[in-house]
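S.K.: Here you go, upload.tsv (TSV, C-alpha atoms):
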```tsv
chain	number	residue	atom	x	y	z
A	1	MET	CA	-3.67	-32.95	-25.66
A	2	LYS	CA	-4.79	-31.98	-22.18
A	3	ASN	CA	-2.84	-32.99	-19.15
A	4	THR	CA	-4.24	-30.89	-16.35
A	5	ASN	CA	-3.60	-33.59	-13.73
A	6	ASN	CA	0.10	-32.82	-13.97
A	7	GLY	CA	-0.33	-29.08	-13.68
A	8	TYR	CA	-0.07	-28.10	-17.32
A	9	ASN	CA	-2.20	-28.00	-20.44
A	10	LEU	CA	-0.46	-28.85	-23.70
A	11	ASN	CA	-2.26	-27.56	-26.78
A	12	LEU	CA	-0.41	-28.62	-29.92
A	13	ALA	CA	-2.96	-26.98	-32.23
A	14	ASP	CA	-2.21	-23.54	-30.75
A	15	GLY	CA	1.42	-24.35	-29.96
A	16	THR	CA	1.03	-23.50	-26.29
A	17	LEU	CA	1.90	-25.05	-22.98
A	18	THR	CA	-0.11	-23.45	-20.16
A	19	LEU	CA	1.27	-24.01	-16.67
A	20	SER	CA	-0.68	-23.92	-13.43
A	21	ARG	CA	0.44	-21.79	-10.49
A	22	ALA	CA	1.04	-24.90	-8.36
A	23	PHE	CA	3.13	-26.54	-11.09
A	24	VAL	CA	5.32	-23.44	-11.49
A	25	LYS	CA	5.86	-23.29	-7.74
A	26	LYS	CA	6.95	-26.94	-7.63
A	27	ALA	CA	9.03	-26.58	-10.80
A	28	SER	CA	10.98	-23.74	-9.23
A	29	ILE	CA	12.66	-26.26	-6.92
A	30	LEU	CA	15.85	-27.52	-8.55
A	31	ASN	CA	15.73	-31.22	-9.56
A	32	SER	CA	12.14	-31.71	-8.43
A	33	LYS	CA	9.91	-33.97	-10.52
A	34	GLU	CA	8.13	-30.92	-11.96
A	35	TYR	CA	11.43	-29.15	-12.68
A	36	LYS	CA	12.62	-32.15	-14.72
A	37	GLN	CA	9.25	-32.43	-16.43
A	38	LEU	CA	9.26	-28.76	-17.48
A	39	ARG	CA	12.84	-29.03	-18.70
A	40	GLN	CA	11.88	-32.09	-20.76
A	41	LEU	CA	8.83	-30.33	-22.22
A	42	ARG	CA	10.96	-27.34	-23.20
A	43	ASN	CA	13.49	-29.60	-24.90
A	44	ASP	CA	10.78	-31.62	-26.68
A	45	PHE	CA	9.19	-28.55	-28.23
A	46	ALA	CA	12.26	-26.34	-28.71
A	47	ASP	CA	12.32	-27.05	-32.46
A	48	ILE	CA	8.72	-25.94	-33.02
A	49	PRO	CA	8.65	-22.31	-34.16
A	50	ASP	CA	6.39	-20.00	-32.15
A	51	PHE	CA	5.86	-22.60	-29.41
A	52	THR	CA	4.90	-20.62	-26.33
A	53	ILE	CA	4.95	-21.47	-22.65
A	54	ILE	CA	2.28	-19.54	-20.79
A	55	TYR	CA	3.03	-18.87	-17.13
A	56	PRO	CA	0.21	-17.96	-14.74
A	57	ASN	CA	-0.28	-14.32	-13.90
A	58	PRO	CA	1.00	-13.41	-10.47
A	59	ILE	CA	-1.56	-12.98	-7.74
A	60	LYS	CA	-2.24	-9.31	-7.32
A	61	LYS	CA	-1.60	-8.27	-3.79
A	62	GLU	CA	-3.16	-5.21	-2.32
A	63	THR	CA	-0.53	-2.55	-2.65
A	64	HIS	CA	-0.34	1.00	-1.48
A	65	ASN	CA	2.28	2.37	-3.85
A	66	GLY	CA	3.40	5.80	-2.86
A	67	LEU	CA	2.07	5.50	0.69
A	68	THR	CA	4.75	7.17	2.75
A	69	VAL	CA	4.85	8.08	6.41
A	70	GLU	CA	4.33	11.70	5.32
A	71	LYS	CA	1.16	10.77	3.41
A	72	MET	CA	-0.04	8.86	6.46
A	73	LYS	CA	0.50	12.00	8.54
A	74	GLU	CA	-1.41	14.07	5.97
A	75	HIS	CA	-4.34	11.67	6.22
A	76	ILE	CA	-4.24	11.76	10.02
A	77	GLU	CA	-4.18	15.58	9.97
A	78	LYS	CA	-7.62	15.51	8.29
A	79	GLN	CA	-9.15	13.49	11.14
A	80	SER	CA	-10.99	14.91	14.13
A	81	ASP	CA	-8.84	13.02	16.69
A	82	LYS	CA	-5.56	13.95	15.03
A	83	ALA	CA	-3.65	14.89	18.22
A	84	ALA	CA	-4.15	11.50	19.88
A	85	VAL	CA	-3.46	9.57	16.69
A	86	LEU	CA	-0.30	11.55	15.89
A	87	ALA	CA	0.93	10.79	19.42
A	88	GLU	CA	0.21	7.09	18.80
A	89	LEU	CA	2.10	7.28	15.51
A	90	LYS	CA	5.07	8.92	17.25
A	91	THR	CA	5.11	6.10	19.84
A	92	ILE	CA	5.18	3.46	17.09
A	93	GLN	CA	7.90	5.34	15.20
A	94	ASP	CA	10.04	5.53	18.35
A	95	LYS	CA	9.48	1.84	19.11
A	96	PHE	CA	10.63	0.64	15.68
A	97	GLU	CA	13.25	3.33	14.92
A	98	GLY	CA	16.28	1.68	13.27
A	99	SER	CA	14.45	-1.62	12.80
A	100	PRO	CA	14.30	-3.23	9.33
A	101	ALA	CA	10.54	-3.52	9.89
A	102	TYR	CA	10.15	0.22	10.63
A	103	TYR	CA	7.98	1.12	7.63
A	104	ALA	CA	6.12	-2.20	7.56
A	105	LYS	CA	5.02	-1.83	11.19
A	106	ILE	CA	3.92	1.77	10.72
A	107	LYS	CA	2.00	0.87	7.56
A	108	GLN	CA	0.38	-2.11	9.30
A	109	TRP	CA	-0.74	0.09	12.19
A	110	PHE	CA	-2.01	2.80	9.83
A	111	LEU	CA	-4.08	0.41	7.69
A	112	MET	CA	-5.56	-1.20	10.80
A	113	LYS	CA	-6.39	2.23	12.21
A	114	TYR	CA	-7.89	3.50	8.94
A	115	PRO	CA	-9.43	0.55	7.05
A	116	GLU	CA	-11.40	3.01	4.91
A	117	PHE	CA	-8.07	4.19	3.48
A	118	THR	CA	-7.60	0.73	1.91
A	119	ALA	CA	-11.05	0.94	0.34
A	120	GLU	CA	-10.29	4.43	-1.03
A	121	VAL	CA	-7.00	3.26	-2.55
A	122	LYS	CA	-8.61	0.13	-4.01
A	123	LYS	CA	-11.39	2.20	-5.61
A	124	ALA	CA	-8.90	4.70	-7.05
A	125	THR	CA	-6.71	1.88	-8.37
A	126	GLN	CA	-9.64	0.11	-10.03
A	127	GLU	CA	-10.77	3.37	-11.65
A	128	TYR	CA	-7.23	4.00	-12.92
A	129	GLU	CA	-6.94	0.45	-14.32
A	130	ARG	CA	-10.34	0.79	-16.04
A	131	LYS	CA	-9.32	4.07	-17.67
A	132	MET	CA	-5.98	2.58	-18.75
A	133	SER	CA	-7.61	-0.50	-20.30
A	134	GLU	CA	-10.04	1.73	-22.22
A	135	ALA	CA	-7.14	3.86	-23.44
A	136	ALA	CA	-5.17	0.76	-24.46
A	137	ARG	CA	-8.14	-0.62	-26.40
A	138	LYS	CA	-8.63	2.71	-28.20
A	139	GLU	CA	-4.92	2.86	-29.03
A	140	ALA	CA	-5.04	-0.70	-30.38
A	141	ILE	CA	-7.94	0.25	-32.64
A	142	GLU	CA	-6.11	3.32	-33.91
A	143	ASN	CA	-2.91	1.37	-34.57
A	144	LEU	CA	-4.59	-1.58	-36.23
A	145	ASP	CA	-3.93	-1.72	-39.95
A	146	GLU	CA	-7.20	-2.58	-41.66
A	147	ASN	CA	-5.37	-3.69	-44.80
A	148	GLU	CA	-3.74	-6.69	-43.17
A	149	THR	CA	-5.86	-9.71	-44.00
A	150	ASP	CA	-4.83	-11.57	-40.84
A	151	ASN	CA	-6.04	-8.74	-38.63
A	152	LYS	CA	-9.39	-8.00	-40.29
A	153	GLU	CA	-11.32	-10.35	-38.02
A	154	ASN	CA	-9.55	-9.00	-34.92
A	155	TYR	CA	-10.32	-5.47	-36.06
A	156	LYS	CA	-14.02	-6.28	-36.34
A	157	LEU	CA	-14.07	-7.83	-32.85
A	158	ILE	CA	-12.22	-4.93	-31.22
A	159	LYS	CA	-14.29	-2.34	-33.06
A	160	LYS	CA	-17.48	-4.11	-31.95
A	161	ASP	CA	-16.39	-3.96	-28.27
A	162	ALA	CA	-15.52	-0.27	-28.40
```
Now that the file is in, can you turn its structure into structure tokens?
M.R.:
Amino acid sequence: MKNTNNGYNLNLADGTLTLSRAFVKKASILNSKEYKQLRQLRNDFADIPDFTIIYPNPIKKETHNGLTVEKMKEHIEKQSDKAAVLAELKTIQDKFEGSPAYYAKIKQWFLMKYPEFTAEVKKATQEYERKMSEAARKEAIENLDENETDNKENYKLIKKDA
């Protein structure tokens, strides 16, 4: 049974209820129409074993984990115009000192000043994620028990991809 007009897809054969991002956002408001609808769907299918509600994956935002002011300074030190840029950084630090937005403003300035830094981080992140997914697939193959009849078909598919 498909009901994508309401923001969800109910698949009784698989025992899944897949929610859209928009539906989840509306359902997060207490006593909204979508909130009541989701609550009713949960109650209706609570007795079915292994019934699963699938929430949408969060939107991946561009992050710069581990980017500290010190790392920004290290990057600036490698540039040819480091003296002028470090003075600019000092001005911004002084301006926002003690402000709750201190780091956010410095980071915003830094990423605007060095857009190539974002590209470098994105490339490094994608390479890391690719290596991790390969490692996870290899680990899954190693851990897969070939003797389980339910997993034989999955084993063949995973082995074929590797």
S.K.: Between CA of Gln79 in chain A and CA of Lys123 in chain A, what distance in Å does the model show, to one decimal?
M.R.: 20.3 Å
S.K.: Determine, counting only C-alpha atoms, every residue of protein, DNA or RNA that lies within 12 Å of (3.2, 9.2, 4.9) in the file coordinates, then give the result as a ChimeraX atom specification.
M.R.: /A:64-77,86,89,93,103,106-107,110-111
S.K.: So the first atom is CA of Gly7 in chain A and the second is CA of Ser20 in chain A; what is the distance between them in Å, to one decimal place?
M.R.: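 A separation of 5.2 Å between them.
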S.K.: With only C-alpha atoms as the atoms that count, which of A:Ala46, A:Asn11, A:Ile54, A:Lys113 lies nearest to Phe23 in chain A?
M.R.: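 Closest to Phe23 in chain A of all the choices is A:Ile54.
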S.K.: Quick check, in Å to one decimal: how far apart do CA of Ala101 in chain A and CA of Phe117 in chain A lie?
M.R.: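 Calculated distance between CA of Ala101 in chain A and CA of Phe117 in chain A is 21.1 Å.
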